[in-house]
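K.L.:
query01.txt is reproduced below (compact mmCIF, N, CA and C atoms).
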# COMPACT_ATOMS: atom_id res chain seq x y z
N MET A 293 -18.25 -26.73 -9.28
CA MET A 293 -19.17 -25.68 -9.70
C MET A 293 -18.35 -24.47 -10.13
N SER A 294 -18.71 -23.90 -11.29
CA SER A 294 -17.95 -22.74 -11.79
C SER A 294 -18.31 -21.49 -11.01
N ASP A 295 -17.46 -20.46 -11.14
CA ASP A 295 -17.71 -19.19 -10.47
C ASP A 295 -19.04 -18.60 -10.92
N ILE A 296 -19.32 -18.71 -12.22
CA ILE A 296 -20.56 -18.15 -12.75
C ILE A 296 -21.77 -18.85 -12.15
N SER A 297 -21.74 -20.19 -12.08
CA SER A 297 -22.87 -20.93 -11.49
C SER A 297 -23.06 -20.58 -10.02
N ALA A 298 -21.96 -20.44 -9.30
CA ALA A 298 -22.05 -20.11 -7.87
C ALA A 298 -22.67 -18.74 -7.68
N LYS A 299 -22.26 -17.77 -8.50
CA LYS A 299 -22.80 -16.43 -8.39
C LYS A 299 -24.27 -16.40 -8.77
N ALA A 300 -24.64 -17.15 -9.80
CA ALA A 300 -26.00 -17.12 -10.32
C ALA A 300 -27.00 -17.67 -9.31
N SER A 301 -26.57 -18.53 -8.39
CA SER A 301 -27.49 -19.13 -7.44
C SER A 301 -28.07 -18.12 -6.45
N ASN A 302 -27.46 -16.94 -6.32
CA ASN A 302 -27.93 -15.92 -5.39
C ASN A 302 -28.94 -14.95 -6.00
N VAL A 303 -29.33 -15.14 -7.27
CA VAL A 303 -30.15 -14.18 -7.98
C VAL A 303 -31.58 -14.69 -8.07
N LEU A 304 -32.56 -13.82 -7.77
CA LEU A 304 -33.97 -14.19 -7.82
C LEU A 304 -34.44 -14.22 -9.27
N GLN A 305 -34.96 -15.37 -9.70
CA GLN A 305 -35.45 -15.52 -11.06
C GLN A 305 -36.89 -16.01 -11.01
N THR A 306 -37.79 -15.27 -11.67
CA THR A 306 -39.19 -15.63 -11.73
C THR A 306 -39.66 -15.56 -13.17
N ASN A 307 -40.29 -16.63 -13.65
CA ASN A 307 -40.81 -16.67 -15.02
C ASN A 307 -39.76 -16.28 -16.05
N GLY A 308 -38.53 -16.73 -15.87
CA GLY A 308 -37.47 -16.42 -16.83
C GLY A 308 -36.96 -15.00 -16.76
N CYS A 309 -37.39 -14.24 -15.76
CA CYS A 309 -37.01 -12.84 -15.63
C CYS A 309 -36.18 -12.68 -14.35
N LEU A 310 -35.00 -12.10 -14.47
CA LEU A 310 -34.17 -11.85 -13.30
C LEU A 310 -34.67 -10.58 -12.61
N LYS A 311 -34.99 -10.68 -11.34
CA LYS A 311 -35.44 -9.53 -10.56
C LYS A 311 -34.24 -8.93 -9.85
N VAL A 312 -33.97 -7.66 -10.13
CA VAL A 312 -32.81 -6.99 -9.54
C VAL A 312 -33.29 -5.88 -8.62
N SER A 313 -32.76 -5.86 -7.40
CA SER A 313 -33.09 -4.80 -6.44
C SER A 313 -31.86 -3.93 -6.22
N SER A 314 -32.05 -2.87 -5.45
CA SER A 314 -30.92 -1.99 -5.15
C SER A 314 -29.87 -2.69 -4.30
N LYS A 315 -30.25 -3.81 -3.66
CA LYS A 315 -29.33 -4.56 -2.82
C LYS A 315 -28.70 -5.75 -3.54
N SER A 316 -29.07 -5.97 -4.80
CA SER A 316 -28.52 -7.08 -5.57
C SER A 316 -27.03 -6.85 -5.83
N SER A 317 -26.28 -7.92 -5.82
CA SER A 317 -24.86 -7.85 -6.15
C SER A 317 -24.72 -7.85 -7.67
N PRO A 318 -24.15 -6.79 -8.25
CA PRO A 318 -23.99 -6.76 -9.71
C PRO A 318 -23.19 -7.96 -10.24
N ALA A 319 -22.18 -8.41 -9.50
CA ALA A 319 -21.38 -9.56 -9.95
C ALA A 319 -22.22 -10.83 -9.99
N SER A 320 -23.10 -11.01 -9.01
CA SER A 320 -23.97 -12.19 -9.00
C SER A 320 -24.96 -12.16 -10.15
N VAL A 321 -25.55 -11.00 -10.40
CA VAL A 321 -26.50 -10.86 -11.51
C VAL A 321 -25.75 -11.06 -12.83
N ALA A 322 -24.54 -10.52 -12.94
CA ALA A 322 -23.73 -10.68 -14.15
C ALA A 322 -23.44 -12.16 -14.40
N GLY A 323 -23.15 -12.90 -13.36
CA GLY A 323 -22.92 -14.34 -13.49
C GLY A 323 -24.15 -15.06 -14.01
N ALA A 324 -25.32 -14.66 -13.53
CA ALA A 324 -26.57 -15.27 -14.00
C ALA A 324 -26.80 -14.93 -15.47
N ILE A 325 -26.56 -13.67 -15.84
CA ILE A 325 -26.72 -13.26 -17.24
C ILE A 325 -25.78 -14.07 -18.13
N ALA A 326 -24.51 -14.15 -17.74
CA ALA A 326 -23.51 -14.86 -18.55
C ALA A 326 -23.87 -16.34 -18.68
N GLY A 327 -24.28 -16.95 -17.60
CA GLY A 327 -24.64 -18.36 -17.64
C GLY A 327 -25.82 -18.62 -18.56
N MET A 328 -26.84 -17.76 -18.48
CA MET A 328 -28.01 -17.92 -19.33
C MET A 328 -27.66 -17.69 -20.79
N MET A 329 -26.83 -16.67 -21.07
CA MET A 329 -26.45 -16.38 -22.45
C MET A 329 -25.64 -17.53 -23.04
N LYS A 330 -24.74 -18.11 -22.26
CA LYS A 330 -23.94 -19.24 -22.73
C LYS A 330 -24.82 -20.45 -23.03
N ASP A 331 -25.91 -20.60 -22.28
CA ASP A 331 -26.84 -21.71 -22.50
C ASP A 331 -27.87 -21.41 -23.59
N GLY A 332 -27.82 -20.19 -24.15
CA GLY A 332 -28.77 -19.83 -25.20
C GLY A 332 -30.15 -19.48 -24.68
N VAL A 333 -30.24 -19.16 -23.40
CA VAL A 333 -31.53 -18.83 -22.78
C VAL A 333 -31.74 -17.31 -22.87
N PRO A 334 -32.94 -16.87 -23.32
CA PRO A 334 -33.21 -15.43 -23.36
C PRO A 334 -33.14 -14.82 -21.96
N VAL A 335 -32.58 -13.62 -21.87
CA VAL A 335 -32.42 -12.96 -20.57
C VAL A 335 -33.28 -11.71 -20.51
N GLU A 336 -34.15 -11.65 -19.51
CA GLU A 336 -34.93 -10.46 -19.20
C GLU A 336 -34.58 -10.07 -17.78
N ILE A 337 -34.32 -8.79 -17.57
CA ILE A 337 -34.00 -8.28 -16.23
C ILE A 337 -35.04 -7.23 -15.89
N GLN A 338 -35.56 -7.28 -14.68
CA GLN A 338 -36.57 -6.31 -14.26
C GLN A 338 -36.12 -5.60 -13.00
N SER A 339 -36.25 -4.26 -13.01
CA SER A 339 -35.84 -3.44 -11.87
C SER A 339 -36.88 -2.37 -11.60
N VAL A 340 -37.09 -2.07 -10.34
CA VAL A 340 -38.00 -0.99 -9.94
C VAL A 340 -37.21 -0.02 -9.06
N GLY A 341 -37.11 1.22 -9.51
CA GLY A 341 -36.40 2.23 -8.73
C GLY A 341 -35.01 2.49 -9.27
N ALA A 342 -34.52 3.69 -8.97
CA ALA A 342 -33.23 4.13 -9.50
C ALA A 342 -32.07 3.25 -9.04
N GLY A 343 -32.06 2.86 -7.77
CA GLY A 343 -30.98 2.03 -7.25
C GLY A 343 -30.95 0.67 -7.90
N ALA A 344 -32.13 0.09 -8.13
CA ALA A 344 -32.22 -1.22 -8.76
C ALA A 344 -31.78 -1.15 -10.22
N VAL A 345 -32.18 -0.10 -10.91
CA VAL A 345 -31.78 0.08 -12.32
C VAL A 345 -30.27 0.24 -12.40
N ASN A 346 -29.69 0.97 -11.47
CA ASN A 346 -28.24 1.15 -11.42
C ASN A 346 -27.53 -0.20 -11.29
N GLN A 347 -28.00 -1.04 -10.38
CA GLN A 347 -27.38 -2.35 -10.17
C GLN A 347 -27.53 -3.22 -11.42
N ALA A 348 -28.67 -3.13 -12.09
CA ALA A 348 -28.90 -3.92 -13.30
C ALA A 348 -27.95 -3.50 -14.41
N VAL A 349 -27.79 -2.20 -14.60
CA VAL A 349 -26.90 -1.70 -15.65
C VAL A 349 -25.46 -2.12 -15.36
N LYS A 350 -25.04 -2.03 -14.10
CA LYS A 350 -23.69 -2.47 -13.75
C LYS A 350 -23.52 -3.96 -14.04
N ALA A 351 -24.55 -4.74 -13.74
CA ALA A 351 -24.48 -6.19 -13.98
C ALA A 351 -24.35 -6.50 -15.47
N ILE A 352 -25.07 -5.76 -16.30
CA ILE A 352 -24.98 -5.98 -17.74
C ILE A 352 -23.56 -5.65 -18.23
N ALA A 353 -23.00 -4.56 -17.73
CA ALA A 353 -21.64 -4.19 -18.11
C ALA A 353 -20.63 -5.25 -17.66
N ILE A 354 -20.78 -5.75 -16.46
CA ILE A 354 -19.87 -6.78 -15.94
C ILE A 354 -20.01 -8.06 -16.76
N SER A 355 -21.24 -8.42 -17.13
CA SER A 355 -21.45 -9.66 -17.89
C SER A 355 -20.77 -9.60 -19.25
N ARG A 356 -20.65 -8.42 -19.83
CA ARG A 356 -19.90 -8.28 -21.10
C ARG A 356 -18.47 -8.77 -20.91
N GLY A 357 -17.89 -8.44 -19.76
CA GLY A 357 -16.53 -8.88 -19.47
C GLY A 357 -16.42 -10.38 -19.31
N PHE A 358 -17.49 -11.02 -18.83
CA PHE A 358 -17.50 -12.48 -18.70
C PHE A 358 -17.66 -13.15 -20.07
N LEU A 359 -18.44 -12.52 -20.95
CA LEU A 359 -18.82 -13.16 -22.21
C LEU A 359 -17.87 -12.86 -23.37
N SER A 360 -17.25 -11.69 -23.39
CA SER A 360 -16.37 -11.32 -24.50
C SER A 360 -15.24 -12.32 -24.74
N PRO A 361 -14.57 -12.80 -23.69
CA PRO A 361 -13.47 -13.74 -23.92
C PRO A 361 -13.91 -15.05 -24.60
N VAL A 362 -15.17 -15.40 -24.49
CA VAL A 362 -15.66 -16.63 -25.13
C VAL A 362 -16.36 -16.33 -26.45
N GLY A 363 -16.23 -15.08 -26.93
CA GLY A 363 -16.75 -14.73 -28.25
C GLY A 363 -18.21 -14.35 -28.31
N ILE A 364 -18.82 -14.06 -27.17
CA ILE A 364 -20.23 -13.65 -27.16
C ILE A 364 -20.31 -12.16 -26.87
N GLU A 365 -20.84 -11.41 -27.83
CA GLU A 365 -21.08 -9.98 -27.63
C GLU A 365 -22.58 -9.81 -27.40
N ILE A 366 -22.94 -8.88 -26.52
CA ILE A 366 -24.36 -8.71 -26.19
C ILE A 366 -24.82 -7.27 -26.44
N VAL A 367 -26.13 -7.14 -26.59
CA VAL A 367 -26.78 -5.84 -26.65
C VAL A 367 -27.90 -5.85 -25.64
N CYS A 368 -28.32 -4.65 -25.24
CA CYS A 368 -29.36 -4.51 -24.22
C CYS A 368 -30.45 -3.59 -24.76
N VAL A 369 -31.69 -4.03 -24.66
CA VAL A 369 -32.83 -3.23 -25.12
C VAL A 369 -33.70 -2.91 -23.91
N PRO A 370 -33.75 -1.63 -23.48
CA PRO A 370 -34.57 -1.27 -22.32
C PRO A 370 -36.02 -1.00 -22.73
N SER A 371 -36.93 -1.23 -21.79
CA SER A 371 -38.35 -0.92 -22.00
C SER A 371 -39.01 -0.71 -20.65
N PHE A 372 -40.22 -0.17 -20.69
CA PHE A 372 -41.01 0.01 -19.47
C PHE A 372 -41.99 -1.14 -19.33
N ALA A 373 -42.32 -1.49 -18.09
CA ALA A 373 -43.32 -2.52 -17.82
C ALA A 373 -44.16 -2.06 -16.64
N ASP A 374 -45.47 -2.16 -16.77
CA ASP A 374 -46.38 -1.85 -15.66
C ASP A 374 -46.59 -3.13 -14.88
N ILE A 375 -46.27 -3.09 -13.59
CA ILE A 375 -46.39 -4.28 -12.75
C ILE A 375 -47.16 -3.94 -11.48
N VAL A 376 -47.57 -4.98 -10.75
CA VAL A 376 -48.26 -4.81 -9.48
C VAL A 376 -47.41 -5.43 -8.38
N ILE A 377 -47.09 -4.62 -7.37
CA ILE A 377 -46.34 -5.11 -6.20
C ILE A 377 -47.17 -4.80 -4.97
N ASP A 378 -47.56 -5.84 -4.23
CA ASP A 378 -48.39 -5.68 -3.03
C ASP A 378 -49.64 -4.87 -3.32
N GLY A 379 -50.29 -5.14 -4.45
CA GLY A 379 -51.53 -4.46 -4.81
C GLY A 379 -51.36 -3.05 -5.32
N GLU A 380 -50.11 -2.60 -5.48
CA GLU A 380 -49.83 -1.24 -5.93
C GLU A 380 -49.20 -1.28 -7.33
N TYR A 381 -49.71 -0.44 -8.22
CA TYR A 381 -49.17 -0.37 -9.57
C TYR A 381 -47.85 0.40 -9.57
N ARG A 382 -46.83 -0.19 -10.21
CA ARG A 382 -45.51 0.42 -10.30
C ARG A 382 -45.02 0.32 -11.74
N THR A 383 -44.08 1.16 -12.09
CA THR A 383 -43.45 1.07 -13.40
C THR A 383 -42.05 0.51 -13.21
N ALA A 384 -41.79 -0.58 -13.91
CA ALA A 384 -40.47 -1.21 -13.85
C ALA A 384 -39.72 -0.90 -15.14
N ILE A 385 -38.41 -0.99 -15.06
CA ILE A 385 -37.58 -0.94 -16.25
C ILE A 385 -37.18 -2.38 -16.54
N ARG A 386 -37.41 -2.80 -17.77
CA ARG A 386 -37.02 -4.14 -18.19
C ARG A 386 -35.87 -4.03 -19.18
N PHE A 387 -34.92 -4.91 -19.06
CA PHE A 387 -33.80 -4.97 -19.98
C PHE A 387 -33.81 -6.34 -20.64
N SER A 388 -33.89 -6.34 -21.95
CA SER A 388 -33.77 -7.57 -22.71
C SER A 388 -32.32 -7.65 -23.18
N VAL A 389 -31.61 -8.69 -22.75
CA VAL A 389 -30.21 -8.85 -23.11
C VAL A 389 -30.15 -9.95 -24.17
N GLU A 390 -29.55 -9.60 -25.31
CA GLU A 390 -29.54 -10.51 -26.45
C GLU A 390 -28.14 -10.60 -27.03
N PRO A 391 -27.86 -11.71 -27.74
CA PRO A 391 -26.57 -11.77 -28.43
C PRO A 391 -26.54 -10.76 -29.57
N ARG A 392 -25.42 -10.15 -29.77
CA ARG A 392 -25.27 -9.16 -30.84
C ARG A 392 -25.00 -9.89 -32.15
N VAL A 393 -25.77 -9.54 -33.17
CA VAL A 393 -25.57 -10.13 -34.48
C VAL A 393 -24.65 -9.21 -35.26
N PRO A 394 -23.51 -9.71 -35.70
CA PRO A 394 -22.57 -8.84 -36.42
C PRO A 394 -23.19 -8.28 -37.70
N VAL A 395 -22.92 -7.02 -37.97
CA VAL A 395 -23.39 -6.37 -39.19
C VAL A 395 -22.22 -6.30 -40.16
N THR A 396 -22.45 -6.78 -41.37
CA THR A 396 -21.40 -6.77 -42.38
C THR A 396 -21.60 -5.59 -43.32
N SER A 397 -20.58 -5.28 -44.09
CA SER A 397 -20.71 -4.20 -45.07
C SER A 397 -21.74 -4.57 -46.13
N ARG A 398 -21.91 -5.85 -46.40
CA ARG A 398 -22.93 -6.31 -47.35
C ARG A 398 -24.33 -5.97 -46.82
N ASP A 399 -24.55 -6.16 -45.52
CA ASP A 399 -25.84 -5.83 -44.91
C ASP A 399 -26.13 -4.34 -45.03
N ILE A 400 -25.12 -3.51 -44.82
CA ILE A 400 -25.28 -2.06 -44.90
C ILE A 400 -25.61 -1.65 -46.33
N ALA A 401 -24.88 -2.18 -47.29
CA ALA A 401 -25.14 -1.85 -48.70
C ALA A 401 -26.54 -2.29 -49.11
N LYS A 402 -26.95 -3.46 -48.64
CA LYS A 402 -28.28 -3.98 -48.96
C LYS A 402 -29.38 -3.09 -48.39
N SER A 403 -29.21 -2.63 -47.15
CA SER A 403 -30.22 -1.78 -46.53
C SER A 403 -30.28 -0.41 -47.20
N GLN A 404 -29.13 0.10 -47.63
CA GLN A 404 -29.11 1.40 -48.29
C GLN A 404 -29.74 1.32 -49.67
N SER A 405 -29.52 0.23 -50.40
CA SER A 405 -30.10 0.12 -51.74
C SER A 405 -31.61 -0.08 -51.67
N SER A 406 -32.10 -0.74 -50.61
CA SER A 406 -33.55 -0.97 -50.50
C SER A 406 -34.30 0.32 -50.12
N GLU A 407 -33.61 1.31 -49.60
CA GLU A 407 -34.26 2.57 -49.24
C GLU A 407 -34.77 3.29 -50.48
N PHE A 408 -34.15 3.05 -51.63
CA PHE A 408 -34.48 3.78 -52.84
C PHE A 408 -35.37 2.99 -53.80
N GLU A 409 -35.83 1.83 -53.39
CA GLU A 409 -36.70 1.02 -54.25
C GLU A 409 -38.13 1.47 -54.18
For this file, write the structure as structure tokens.

P.N.:
Amino acid sequence: MSDISAKASNVLQTNGCLKVSSKSSPASVAGAIAGMMKDGVPVEIQSVGAGAVNQAVKAIAISRGFLSPVGIEIVCVPSFADIVIDGEYRTAIRFSVEPRVPVTSRDIAKSQSSEFE
């Protein structure tokens, strides 16, 4: 079993969404992110509270270090989500982690020329 698989087994995953708490190990969450990205699986991370968001952001940063050597660059798109925990409405921060699509100079020129059409 690889280090990434071993770390990923400690992370709570529900409906394809990784749940991160303030007590989550950033390295374990990073391993789960890296494993899912390598398998081509979309990654959603959900956190409630400042401590949980901090751990999630650290995990995303660490996962970049796992993925860069194998040629995978990632981007992170944050959003808010209204959720219910124990019958109480809470606001979660969701992070969508996606592979980064390289932008070429041709793409930039194309987008600039279409602005004036």

K.L.:
Which residues, protein or nucleic acid, reach to within 7 Å of (-32.2, -12.2, -12.7) in the file's coordinates when using all atoms listed in the file, and can you give that as a ChimeraX atom specification?

P.N.:
/A:303-306,308-312,321,324-325,336-338

K.L.:
As an MDAnalysis selection string, which residues of chain A does DSSP assign to strand (DSSP E or B)?

P.N.:
chainID A and resid 304:306 309:312 335:339 366:377 380:391

K.L.:
What does the distance from atom CA of A:Val340 to atom CA of A:Ile385 come to in Å, to one decimal?

P.N.:
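The value is 6.3 Å.
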
K.L.:
A:Gln347, A:Thr396, A:Ser339, A:Ser355: which is nearest A:Thr383, counting all atoms listed in the file?

P.N.:
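Going through A:Gln347, A:Thr396, A:Ser339, A:Ser355 one by one, the smallest distance to A:Thr383 is for A:Ser339.
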
K.L.:
Of the candidates A:Ala401, A:Ala353, A:Val345, A:Val335, which shows the shortest atom-to-atom distance to A:Ser388, using only C-alpha atoms?

P.N.:
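Of the candidates, the smallest distance to A:Ser388 is held by A:Val335.
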
K.L.:
I'd like the interatomic distance between atom C of A:Pro361 and atom N of A:Ser314, to a tenth of an Å.

P.N.:
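We find that atom C of A:Pro361 and atom N of A:Ser314 lie 29.1 Å from each other.
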
K.L.:
In Å, with one decimal, what is the gap from atom N of A:Phe358 to atom CA of A:Val393?

P.N.:
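Going from atom N of A:Phe358 over to atom CA of A:Val393 covers 17.6 Å.
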
K.L.:
Using backbone DSSP assignments, extract all helix (DSSP H, G or I) residues from chain A; output them as a PyMOL selection string.

P.N.:
chain A and resi 295-300+318-330+342-362+397-406
